[in-house]
Each structure stands twice: as C-alpha cells, then as structure tokens.
>>> print(open('target-v2.csv').read())   # CSV, C-alpha atoms and all ligand atoms
chain,number,residue,atom,x,y,z
A,1,MET,CA,78.8,137.9,60.5
A,2,ALA,CA,82.4,137.3,61.2
A,3,ALA,CA,83.6,134.2,59.4
A,4,PRO,CA,86.8,135.8,58.1
A,5,MET,CA,87.7,137.5,61.4
A,6,LEU,CA,90.6,135.4,62.4
A,7,GLY,CA,92.3,136.1,59.1
A,8,LYS,CA,91.6,139.8,59.4
A,9,LEU,CA,92.8,140.0,62.9
A,10,VAL,CA,96.2,138.5,61.9
A,11,LEU,CA,96.7,141.5,59.6
A,12,ASP,CA,95.9,143.9,62.4
A,13,GLY,CA,99.0,144.8,64.5
A,14,ASN,CA,97.1,145.6,67.7
A,15,ALA,CA,95.2,142.4,67.7
A,16,ASP,CA,98.0,140.1,66.5
A,17,ALA,CA,98.9,138.4,69.7
A,18,ALA,CA,95.4,137.9,70.8
A,19,SER,CA,94.3,136.5,67.5
A,20,ARG,CA,97.1,134.0,67.7
A,21,THR,CA,95.8,133.0,71.2
A,22,LEU,CA,92.3,132.8,69.9
A,23,GLN,CA,93.4,130.8,66.8
A,24,THR,CA,95.3,128.4,69.0
A,25,HIS,CA,92.2,127.9,71.1
A,26,VAL,CA,89.9,127.5,68.1
A,27,HIS,CA,92.3,125.1,66.6
A,28,ASN,CA,92.5,123.0,69.8
A,29,HIS,CA,88.8,123.3,70.1
A,30,ALA,CA,88.4,121.6,66.8
A,31,VAL,CA,90.9,118.9,67.8
A,32,ASP,CA,89.9,118.3,71.3
A,33,GLY,CA,86.2,119.1,71.3
A,34,HIS,CA,84.2,121.5,73.5
A,35,ALA,CA,85.5,120.3,76.8
A,36,ALA,CA,88.9,121.7,76.0
A,37,MET,CA,87.5,125.2,76.2
A,38,ILE,CA,86.8,125.2,79.9
A,39,GLY,CA,88.6,126.7,82.9
A,40,GLU,CA,92.1,127.8,82.3
A,41,ASN,CA,91.9,126.6,78.7
A,42,ALA,CA,89.3,129.2,77.9
A,43,PRO,CA,90.7,132.5,76.5
A,44,ALA,CA,88.8,135.0,78.8
A,45,VAL,CA,89.9,138.2,80.4
A,46,GLY,CA,89.8,138.9,84.2
A,47,GLY,CA,89.2,137.3,87.5
A,48,PRO,CA,86.4,135.1,88.8
A,49,SER,CA,84.3,137.8,90.3
A,50,ASP,CA,84.8,140.6,87.8
A,51,LEU,CA,81.3,140.3,86.3
A,52,ASP,CA,79.3,139.5,89.4
A,53,ALA,CA,77.5,142.8,89.3
A,54,LEU,CA,76.3,142.0,85.8
A,55,LEU,CA,75.4,138.4,86.5
A,56,TYR,CA,73.6,138.5,89.9
A,57,PRO,CA,70.8,141.0,90.1
A,58,PRO,CA,70.0,143.0,93.2
A,59,PRO,CA,67.3,141.3,95.3
A,60,ALA,CA,63.6,141.7,94.6
A,61,LEU,CA,61.7,143.9,97.0
A,62,PRO,CA,58.1,143.2,98.1
A,63,TYR,CA,55.5,145.5,96.7
A,64,GLU,CA,55.1,148.7,98.7
A,65,PRO,CA,52.9,151.5,97.4
A,66,GLY,CA,54.6,154.8,96.5
A,67,ARG,CA,58.2,153.6,96.9
A,68,VAL,CA,60.9,155.3,94.8
A,69,ARG,CA,63.7,153.3,93.3
A,70,GLU,CA,66.5,155.6,92.4
A,71,TYR,CA,69.6,154.8,90.2
A,72,ASN,CA,72.4,157.0,88.9
A,73,LEU,CA,73.6,156.2,85.4
A,74,ARG,CA,76.6,158.0,83.9
A,75,ALA,CA,77.6,157.7,80.3
A,76,VAL,CA,81.4,157.4,80.0
A,77,ASP,CA,83.8,156.5,77.2
A,78,ARG,CA,85.9,153.6,78.3
A,79,GLU,CA,88.3,151.2,76.5
A,80,LEU,CA,87.4,147.7,77.6
A,81,GLU,CA,89.4,144.5,77.2
A,82,ILE,CA,86.7,142.1,75.8
A,83,ALA,CA,89.0,139.2,75.0
A,84,PRO,CA,92.7,138.6,75.7
A,85,GLY,CA,94.6,141.5,74.2
A,86,ILE,CA,91.5,142.8,72.3
A,87,PHE,CA,90.5,146.3,73.4
A,88,PHE,CA,87.2,147.9,72.4
A,89,PRO,CA,86.6,151.7,72.6
A,90,ALA,CA,83.3,151.4,74.3
A,91,TRP,CA,80.6,154.0,75.2
A,92,THR,CA,79.2,152.8,78.5
A,93,TYR,CA,76.7,153.4,81.2
A,94,ASN,CA,78.7,153.4,84.5
A,95,GLY,CA,81.8,151.9,82.8
A,96,THR,CA,80.6,148.5,81.9
A,97,VAL,CA,79.1,146.8,78.8
A,98,PRO,CA,76.4,145.9,79.4
A,99,GLY,CA,75.4,148.6,81.8
A,100,PRO,CA,74.2,148.0,85.4
A,101,ILE,CA,71.1,145.8,86.2
A,102,LEU,CA,68.3,148.0,87.3
A,103,ARG,CA,65.5,146.5,89.4
A,104,ALA,CA,62.1,147.7,90.6
A,105,THR,CA,58.8,146.2,91.7
A,106,GLU,CA,55.8,146.9,89.5
A,107,GLY,CA,54.2,150.1,90.8
A,108,ASP,CA,57.5,151.6,92.2
A,109,ILE,CA,58.5,155.0,90.9
A,110,LEU,CA,61.7,154.4,88.9
A,111,ARG,CA,63.9,157.5,89.0
A,112,VAL,CA,67.1,157.4,86.9
A,113,ASN,CA,69.4,160.3,87.2
A,114,PHE,CA,71.4,160.3,83.9
A,115,THR,CA,74.6,162.3,83.5
A,116,ASN,CA,76.4,162.4,80.2
A,117,ALA,CA,80.1,162.4,80.9
A,118,GLY,CA,80.9,161.0,77.5
A,119,SER,CA,82.0,162.6,74.3
A,120,HIS,CA,78.8,162.3,72.3
A,121,PRO,CA,75.1,163.1,72.9
A,122,HIS,CA,73.2,160.2,74.5
A,123,THR,CA,69.9,159.3,76.0
A,124,ILE,CA,68.3,156.4,77.9
A,125,HIS,CA,65.4,154.8,76.1
A,126,PHE,CA,63.6,152.4,78.4
A,127,HIS,CA,61.3,149.6,77.1
A,128,GLY,CA,58.1,149.6,79.1
A,129,ILE,CA,55.0,151.8,79.6
A,130,HIS,CA,55.7,155.5,80.4
A,131,PRO,CA,55.0,159.0,79.1
A,132,PRO,CA,56.6,159.6,75.7
A,133,ARG,CA,58.6,162.6,77.1
A,134,GLN,CA,60.4,160.1,79.4
A,135,ASP,CA,61.2,157.8,76.4
A,136,GLY,CA,64.8,158.9,75.6
A,137,VAL,CA,64.0,159.8,72.1
A,138,PHE,CA,63.3,163.6,72.1
A,139,GLU,CA,65.4,164.7,75.1
A,140,ILE,CA,68.9,164.4,73.7
A,141,VAL,CA,71.4,164.8,76.6
A,142,LYS,CA,74.6,166.6,75.4
A,143,PRO,CA,78.0,165.9,76.9
A,144,GLY,CA,78.1,167.6,80.3
A,145,ASP,CA,74.3,167.7,80.6
A,146,ASP,CA,72.0,165.6,82.7
A,147,PHE,CA,68.4,164.4,82.6
A,148,THR,CA,66.2,162.6,85.1
A,149,TYR,CA,63.9,159.9,83.9
A,150,GLU,CA,61.0,159.2,86.3
A,151,PHE,CA,58.0,157.0,85.7
A,152,GLU,CA,56.0,154.2,87.2
A,153,ALA,CA,57.7,150.8,86.7
A,154,ARG,CA,55.5,148.7,84.5
A,155,PRO,CA,54.7,146.2,83.1
A,156,ALA,CA,56.3,143.5,85.3
A,157,GLY,CA,58.8,141.6,83.2
A,158,PHE,CA,62.4,142.0,81.9
A,159,HIS,CA,63.1,144.9,79.7
A,160,PRO,CA,66.2,146.4,78.0
A,161,TYR,CA,67.3,150.0,78.1
A,162,HIS,CA,69.6,151.6,75.6
A,163,CYS,CA,70.7,154.9,74.1
A,164,HIS,CA,68.5,156.2,71.4
A,165,ALA,CA,70.7,159.0,69.9
A,166,THR,CA,71.5,158.7,66.2
A,167,PRO,CA,73.0,156.9,64.5
A,168,LEU,CA,71.3,154.4,66.6
A,169,LYS,CA,73.2,151.4,65.3
A,170,LYS,CA,76.5,153.0,66.4
A,171,HIS,CA,75.2,154.1,69.9
A,172,ILE,CA,73.9,150.7,70.7
A,173,HIS,CA,76.9,148.8,69.2
A,174,LYS,CA,79.3,150.9,71.2
A,175,GLY,CA,77.8,149.5,74.4
A,176,LEU,CA,75.1,151.8,75.7
A,177,TYR,CA,72.6,149.2,76.9
A,178,GLY,CA,71.5,147.3,80.0
A,179,SER,CA,68.6,145.6,81.5
A,180,LEU,CA,65.7,146.4,83.9
A,181,ILE,CA,63.9,143.7,86.0
A,182,ILE,CA,60.4,144.7,87.0
A,183,ASP,CA,59.2,142.3,89.6
A,184,PRO,CA,55.5,141.5,89.7
A,185,LYS,CA,53.5,142.7,92.7
A,186,GLU,CA,52.8,139.0,93.4
A,187,PRO,CA,56.4,137.9,93.6
A,188,ARG,CA,57.9,135.1,91.5
A,189,PRO,CA,59.0,132.0,93.5
A,190,PRO,CA,62.4,132.2,95.1
A,191,ALA,CA,65.2,131.2,92.8
A,192,GLN,CA,68.9,131.4,92.1
A,193,GLU,CA,68.7,134.4,89.8
A,194,LEU,CA,71.1,135.3,86.9
A,195,VAL,CA,71.1,138.0,84.2
A,196,MET,CA,72.6,137.4,80.8
A,197,VAL,CA,72.8,140.1,78.2
A,198,MET,CA,74.0,138.8,74.8
A,199,ASN,CA,76.1,141.1,72.6
A,200,GLY,CA,78.7,141.4,69.9
A,201,TYR,CA,81.7,143.6,69.1
A,202,ASP,CA,82.9,144.8,65.7
A,203,THR,CA,86.6,145.3,66.4
A,204,ASP,CA,87.7,146.0,62.9
A,205,GLY,CA,85.0,148.5,61.9
A,206,ASP,CA,83.6,146.5,58.9
A,207,GLY,CA,80.0,146.4,60.2
A,208,GLY,CA,80.2,142.8,61.4
A,209,ASN,CA,80.9,141.4,64.8
A,210,ASN,CA,84.3,139.7,65.5
A,211,PHE,CA,83.5,138.7,69.1
A,212,TYR,CA,80.4,137.6,70.9
A,213,THR,CA,79.7,137.5,74.6
A,214,VAL,CA,77.3,137.2,77.5
A,215,ASN,CA,77.7,140.1,79.9
A,216,GLY,CA,80.6,141.6,77.9
A,217,ARG,CA,83.6,139.3,77.8
A,218,SER,CA,84.2,136.5,75.4
A,219,PHE,CA,84.4,133.0,76.9
A,220,TYR,CA,84.1,134.4,80.4
A,221,TYR,CA,81.7,131.8,81.7
A,222,ALA,CA,83.8,129.1,80.0
A,223,ARG,CA,86.7,130.3,82.0
A,224,TYR,CA,84.6,130.7,85.1
A,225,PRO,CA,81.6,128.4,85.1
A,226,ILE,CA,78.5,129.6,86.9
A,227,THR,CA,77.8,127.5,90.0
A,228,VAL,CA,74.1,126.7,90.7
A,229,ARG,CA,72.4,124.1,92.9
A,230,ARG,CA,70.7,121.0,91.5
A,231,SER,CA,66.9,120.6,92.0
A,232,GLN,CA,66.6,124.3,93.0
A,233,LEU,CA,65.0,126.7,90.7
A,234,VAL,CA,67.4,128.7,88.5
A,235,ARG,CA,65.9,131.8,86.8
A,236,ILE,CA,67.8,133.5,84.0
A,237,TYR,CA,66.8,136.9,82.7
A,238,LEU,CA,68.1,136.8,79.1
A,239,ALA,CA,68.2,139.7,76.7
A,240,ASN,CA,69.7,140.3,73.3
A,241,LEU,CA,71.4,143.6,72.4
A,242,THR,CA,73.6,142.3,69.6
A,243,GLU,CA,74.0,144.8,66.8
A,244,PHE,CA,74.5,143.9,63.1
A,245,ASP,CA,73.4,140.2,63.3
A,246,LEU,CA,69.7,139.7,62.9
A,247,ILE,CA,69.3,137.2,65.8
A,248,ASN,CA,71.1,135.7,68.7
A,249,SER,CA,70.2,132.6,70.7
A,250,PHE,CA,70.7,130.6,73.9
A,251,HIS,CA,71.0,126.9,73.9
A,252,LEU,CA,71.3,124.7,77.0
A,253,HIS,CA,72.8,121.3,76.9
A,254,ALA,CA,71.4,118.2,78.7
A,255,ASP,CA,68.3,119.8,80.1
A,256,PHE,CA,65.2,121.8,79.3
A,257,PHE,CA,63.8,125.1,80.6
A,258,HIS,CA,60.6,127.0,80.6
A,259,TYR,CA,60.8,130.2,78.6
A,260,GLN,CA,58.5,133.2,79.2
A,261,PRO,CA,58.9,135.8,76.5
A,262,ASN,CA,59.5,139.3,77.9
A,263,GLY,CA,58.9,138.0,81.4
A,264,THR,CA,55.2,138.9,80.8
A,265,GLY,CA,52.0,136.9,80.3
A,266,ASP,CA,51.0,133.3,80.7
A,267,TYR,CA,52.7,131.7,77.7
A,268,ARG,CA,55.6,129.4,78.4
A,269,GLU,CA,57.6,127.4,75.9
A,270,TYR,CA,59.4,124.2,77.1
A,271,THR,CA,62.6,124.0,75.2
A,272,ASP,CA,66.4,123.9,75.2
A,273,THR,CA,66.9,126.7,72.6
A,274,VAL,CA,65.4,130.2,72.2
A,275,MET,CA,66.3,132.9,69.7
A,276,GLN,CA,65.9,136.6,70.1
A,277,CYS,CA,66.1,139.6,67.8
A,278,GLN,CA,67.8,142.7,69.1
A,279,GLY,CA,65.6,144.1,71.9
A,280,GLN,CA,63.9,140.8,72.6
A,281,ARG,CA,64.2,139.2,76.0
A,282,GLY,CA,62.7,136.7,78.3
A,283,VAL,CA,62.8,134.7,81.5
A,284,LEU,CA,64.1,131.1,81.6
A,285,GLU,CA,63.4,128.8,84.5
A,286,ILE,CA,65.3,125.5,85.1
A,287,GLU,CA,65.6,122.9,87.8
A,288,PHE,CA,68.6,120.9,86.8
A,289,ALA,CA,67.9,117.2,87.0
A,290,ASN,CA,71.5,116.2,87.5
A,291,ALA,CA,74.7,117.4,89.0
A,292,GLY,CA,77.6,118.1,86.7
A,293,VAL,CA,78.9,120.5,84.1
A,294,TYR,CA,76.4,121.8,81.5
A,295,MET,CA,77.4,123.7,78.5
A,296,PHE,CA,75.4,126.7,77.2
A,297,HIS,CA,76.0,128.8,74.1
A,298,ALA,CA,74.6,130.5,71.1
A,299,HIS,CA,73.3,127.9,68.7
A,300,GLN,CA,74.8,129.9,65.9
A,301,SER,CA,78.0,127.9,66.0
A,302,GLU,CA,80.0,130.8,64.7
A,303,PHE,CA,78.9,133.0,67.6
A,304,ALA,CA,79.8,130.2,70.1
A,305,GLU,CA,83.3,129.8,68.6
A,306,LEU,CA,83.9,133.6,68.8
A,307,GLY,CA,83.1,133.8,72.5
A,308,TRP,CA,79.5,133.2,73.2
A,309,MET,CA,79.9,129.9,75.2
A,310,GLY,CA,79.9,129.0,78.8
A,311,PHE,CA,79.1,126.4,81.5
A,312,PHE,CA,77.0,125.8,84.5
A,313,ASN,CA,78.6,123.8,87.3
A,314,VAL,CA,75.5,122.2,88.9
A,315,THR,CA,76.3,121.0,92.4
A,316,ASP,CA,74.4,118.9,95.0
B,1,CU,CU,74.3,157.4,72.6
>>> encode(input="target-v2.csv", output="structure tokens", more="lines below")
Ligand SMILES: [Cu+2]
Amino acid sequence: MAAPMLGKLVLDGNADAASRTLQTHVHNHAVDGHAAMIGENAPAVGGPSDLDALLYPPPALPYEPGRVREYNLRAVDRELEIAPGIFFPAWTYNGTVPGPILRATEGDILRVNFTNAGSHPHTIHFHGIHPPRQDGVFEIVKPGDDFTYEFEARPAGFHPYHCHATPLKKHIHKGLYGSLIIDPKEPRPPAQELVMVMNGYDTDGDGGNNFYTVNGRSFYYARYPITVRRSQLVRIYLANLTEFDLINSFHLHADFFHYQPNGTGDYREYTDTVMQCQGQRGVLEIEFANAGVYMFHAHQSEFAELGWMGFFNVTD
C-alpha cells in the first residue's frame, strides 16, 4: 500500500520533479473532480499509440488441426518511464511491461523460443495445461541461455505467463509477465478486443507500490482515452499481475458488463466491478448503451489516484 508515497517521493531527489507534477495533479483532482484528469491534464508518459501492441491483441485465427504458433520472447533489463520523470529499472520480456500478448487457438501447438538476455536467471511459467517439464519451474534459464517451451494450447481462455525464478516476488514485480489468449475452437462472437494487464510499481524499494497502471504506464488511458463503438460488442481480457497488494480491481462507470472468470466455463457475472488476486484474470463483455466518455478505474481509490484510471470514448 502506498498512502505515504507522495511525501516519500518529495524526499527522493530523482523523483522530485515528477512528484511535484503528480502532487499538483492529485491536488487539482481533489479540487476539480475526476474530469480534470483527462486528456492533456492527465500526467502520463508517451504518445497516443505507444501502448497499442499491449492493448490490441493480434487477431484470432480459426481452428486448424496441427498448426504451430511460434513466438520469440527475450528477457532484457530495461529502464522504463512509467510516469512523468519516474524511471523503473524493469526486467522485461521483449522490452515492455507487461510483455507481449501471445495468442493461439485451442489445439494449436504453442512454441515459445525464450532467450535470457537479462542479468539474472529467468523462466517463463505459463498458466494452462501442459507437461510439468514445460512449466517454467525446474528449467531455470541462465543469462545467455535459451529454452524452448512447446505444448498444446489449452484450455481456451485468458491466461497469464510470468517468470518463476526465485525470489518469485521480485521477478514478478520487476516486470516479467504477460498474457496469453487461447481462443476456443468454436470462436467467440466478433468484438472490439482489448487487453488490460493491471500492475503496480514499488519505486522506493519499501515493498509497497507507489504507482499503479493498466498496461504499464500510470494514467495512460486517462491521457489517451480508448475509442470504441456504441452498441457493438467490446471484449476486454483483464488480468492482474500486481505484486505486494492482495487484490486489484476493475470498475466501469455508467454501464454493466458480463464477466467470465478465466475466460473459461459457462458462469457469467453481470456487474460493474470485479476484483482479482494476482494471477486471476477474466473476460469482460460490454455493449455500451450510450455514446460519451466513460471512466474506468480500480475501485481501490488509492490505486486509482496513483495511476490506475482511464476512460473509454464511446462513439456512434
Ligand atoms: Cu525472473
């Protein structure tokens, strides 16, 4: 938990300027309300398309027996600017936190060529059904080494992957995680598809997060609202890889969605708020009833005010 973070950051020389920026925004936010934190008023890093590869998944492919889906993942150490002036010394898959979106259709052979170009031993542990020797627990990949994971993609759903080297808490928190969509053989209905991976960053090393995000940058979707079409299905693949905090959550304003835990099974919840422990994930489906700007954020208010907040711009 990060309640005292603004005070702490002020004492930290590196983060001083950024904390003032953030303090100003949090202050204005309190005075002006949520709407003040949209567009240019939102303190987020980068340009409007920077996170497209982490938001928009590759297309689903129709089921085809025996197909191989091959991905290359490379662990690299990289310093990332996660909020204005705040740099996080991340360990990444392919240079981003979260790592790339992988996608396969149930029954495909998923082949992931992993190279460890980082400074520490790593692995990739996939959630799903596969032989234990492909599970990223026993086969530790040392710096400079590589390993190929290969198994049938199942079950259909939405699953996280992450490093499982020890200390696990550190390897996850540093940024080694991403998501895998496994499409059912009988395809889901066409939709505007989005991927959201919730996370946090401990920037002062005290074992609590100081910033929270979706797809890696605080307030990014407040700065750049996500445009979707009214009365057309929107599908969000949502996962939580936040370390240190017990849960994270997603709350949508002004509408309701159907939530399918794990993207598996027949159970659906009709709600505007879901919570997930680390490793939990699910699939949200919404048809927005109205055009306009809809807020979404963690319903832990603290997380929202430390970066986990954004908007949908629903257009006709
Ligand atoms: Cu690792």
>>> atom_distance(input="target-v2.csv", atom1="CA of Tyr201 (chain A)", atom2="CA of Val283 (chain A)")
24.3 Å
>>> atom_distance(input="target-v2.csv", atom1="CA of His297 (chain A)", atom2="CA of Asn210 (chain A)")
16.2 Å
>>> closest_residue(input="target-v2.csv", among="A:Tyr161, A:Phe303, A:Phe288, A:Tyr221", to="ligand CU 1 (chain B)", atoms="only C-alpha atoms and all ligand atoms")
A:Tyr161
>>> residues_near_ligand(input="target-v2.csv", ligand="ligand CU 1 (chain B)", cutoff="10 Å", atoms="all atoms listed in the file", output="number ranges by chain")
A: 75, 91-93, 116, 118-125, 140-142, 162-177
>>> closest_residue(input="target-v2.csv", among="A:Asn72, A:Glu152, A:Val97, A:Asp146", to="Leu110 (chain A)", atoms="all atoms listed in the file")
A:Glu152
>>> residues_near_point(input="target-v2.csv", point="(71.2, 136.6, 69.3)", cutoff="8 Å", atoms="only C-alpha atoms", output="list of chain:residue names")
A:Met198, A:Asn199, A:Asn240, A:Leu241, A:Thr242, A:Asp245, A:Leu246, A:Ile247, A:Asn248, A:Ser249, A:Phe250, A:Met275, A:Gln276, A:Cys277, A:Gln278, A:Ala298
>>> atom_distance(input="target-v2.csv", atom1="CA of Tyr237 (chain A)", atom2="CA of Phe158 (chain A)")
6.8 Å
>>> residues_around(input="target-v2.csv", residues="Thr264 (chain A)", least_positions_apart="3", cutoff="8 Å", atoms="only C-alpha atoms", output="list in words")
Pro155, Ala156, Gly157, Phe158, Gln260 and Pro261 of chain A
>>> closest_residue(input="target-v2.csv", among="A:Gln232, A:Thr105, A:Thr115, A:Gln134", to="Ala153 (chain A)", atoms="only C-alpha atoms")
A:Thr105
>>> residues_around(input="target-v2.csv", residues="Glu186 (chain A)", least_positions_apart="3", cutoff="9 Å", atoms="all atoms listed in the file", output="list in words")
Pro62, Tyr63 and Asp183 of chain A
>>> residues_around(input="target-v2.csv", residues="Arg217 (chain A)", least_positions_apart="3", cutoff="7 Å", atoms="all atoms listed in the file", output="number ranges by chain")
A: 44-45, 82-83, 213-214, 220
>>> closest_residue(input="target-v2.csv", among="A:Asp255, A:Phe219, A:Gly292, A:Arg268", to="Met37 (chain A)", atoms="only C-alpha atoms")
A:Phe219
>>> closest_residue(input="target-v2.csv", among="A:Gly107, A:Pro190, A:Gly47, A:Gly216", to="Gly66 (chain A)", atoms="only C-alpha atoms")
A:Gly107
>>> build_atoms(input="target-v2.csv", residues="region 268-300 of chain A", atoms="N, CA and C atoms", output="short mmCIF file (atom, residue, chain, number, x, y, z; two decimals), keeping the file's coordinate frame")
data_model
loop_
_atom_site.label_atom_id
_atom_site.label_comp_id
_atom_site.auth_asym_id
_atom_site.auth_seq_id
_atom_site.Cartn_x
_atom_site.Cartn_y
_atom_site.Cartn_z
N ARG A 268 54.27 129.95 78.12
CA ARG A 268 55.60 129.40 78.40
C ARG A 268 55.92 128.38 77.32
N GLU A 269 57.16 128.42 76.89
CA GLU A 269 57.60 127.40 75.90
C GLU A 269 58.57 126.48 76.72
N TYR A 270 58.48 125.19 76.44
CA TYR A 270 59.40 124.20 77.10
C TYR A 270 60.37 123.76 76.06
N THR A 271 61.61 124.13 76.24
CA THR A 271 62.60 124.00 75.20
C THR A 271 64.00 123.95 75.71
N ASP A 272 64.96 123.73 74.84
CA ASP A 272 66.40 123.90 75.20
C ASP A 272 67.05 124.98 74.39
N THR A 273 66.29 125.65 73.52
CA THR A 273 66.90 126.70 72.60
C THR A 273 65.86 127.79 72.41
N VAL A 274 66.30 129.03 72.60
CA VAL A 274 65.40 130.20 72.20
C VAL A 274 66.27 131.13 71.37
N MET A 275 65.58 131.81 70.46
CA MET A 275 66.30 132.90 69.70
C MET A 275 65.59 134.19 69.97
N GLN A 276 66.41 135.24 69.90
CA GLN A 276 65.90 136.60 70.10
C GLN A 276 66.49 137.55 69.09
N CYS A 277 65.64 138.41 68.57
CA CYS A 277 66.10 139.60 67.80
C CYS A 277 66.64 140.60 68.75
N GLN A 278 67.33 141.62 68.24
CA GLN A 278 67.80 142.70 69.10
C GLN A 278 66.61 143.33 69.83
N GLY A 279 66.70 143.48 71.13
CA GLY A 279 65.60 144.10 71.90
C GLY A 279 64.69 143.03 72.51
N GLN A 280 64.71 141.83 71.99
CA GLN A 280 63.90 140.80 72.60
C GLN A 280 64.56 140.25 73.84
N ARG A 281 63.75 139.72 74.72
CA ARG A 281 64.20 139.20 76.00
C ARG A 281 63.19 138.30 76.59
N GLY A 282 63.60 137.58 77.64
CA GLY A 282 62.70 136.70 78.30
C GLY A 282 63.25 136.11 79.54
N VAL A 283 62.46 135.29 80.20
CA VAL A 283 62.80 134.70 81.50
C VAL A 283 62.84 133.19 81.36
N LEU A 284 63.97 132.59 81.67
CA LEU A 284 64.10 131.10 81.60
C LEU A 284 64.08 130.58 83.03
N GLU A 285 63.40 129.47 83.21
CA GLU A 285 63.40 128.80 84.50
C GLU A 285 63.78 127.33 84.35
N ILE A 286 64.74 126.90 85.17
CA ILE A 286 65.30 125.50 85.10
C ILE A 286 65.44 124.97 86.46
N GLU A 287 65.13 123.71 86.61
CA GLU A 287 65.60 122.90 87.80
C GLU A 287 66.47 121.83 87.17
N PHE A 288 67.76 121.92 87.35
CA PHE A 288 68.60 120.90 86.80
C PHE A 288 68.37 119.57 87.38
N ALA A 289 68.24 118.57 86.53
CA ALA A 289 67.90 117.20 87.00
C ALA A 289 69.13 116.51 87.57
N ASN A 290 70.29 116.88 87.11
CA ASN A 290 71.50 116.20 87.50
C ASN A 290 72.59 117.16 87.93
N ALA A 291 73.52 116.66 88.73
CA ALA A 291 74.70 117.40 89.00
C ALA A 291 75.72 117.27 87.92
N GLY A 292 76.61 118.24 87.77
CA GLY A 292 77.60 118.10 86.70
C GLY A 292 77.80 119.42 85.98
N VAL A 293 78.57 119.34 84.91
CA VAL A 293 78.90 120.50 84.10
C VAL A 293 78.09 120.56 82.85
N TYR A 294 77.34 121.62 82.68
CA TYR A 294 76.40 121.80 81.50
C TYR A 294 76.91 122.91 80.66
N MET A 295 77.02 122.64 79.39
CA MET A 295 77.40 123.70 78.50
C MET A 295 76.17 124.54 78.10
N PHE A 296 76.38 125.83 77.86
CA PHE A 296 75.40 126.70 77.20
C PHE A 296 76.07 127.59 76.22
N HIS A 297 75.37 127.94 75.16
CA HIS A 297 76.00 128.80 74.10
C HIS A 297 74.97 129.21 73.10
N ALA A 298 75.37 130.16 72.28
CA ALA A 298 74.60 130.50 71.10
C ALA A 298 74.49 129.30 70.20
N HIS A 299 73.31 129.05 69.62
CA HIS A 299 73.30 127.90 68.70
C HIS A 299 73.70 128.30 67.29
N GLN A 300 74.03 129.56 67.07
CA GLN A 300 74.80 129.90 65.90
C GLN A 300 76.23 129.49 66.22
#
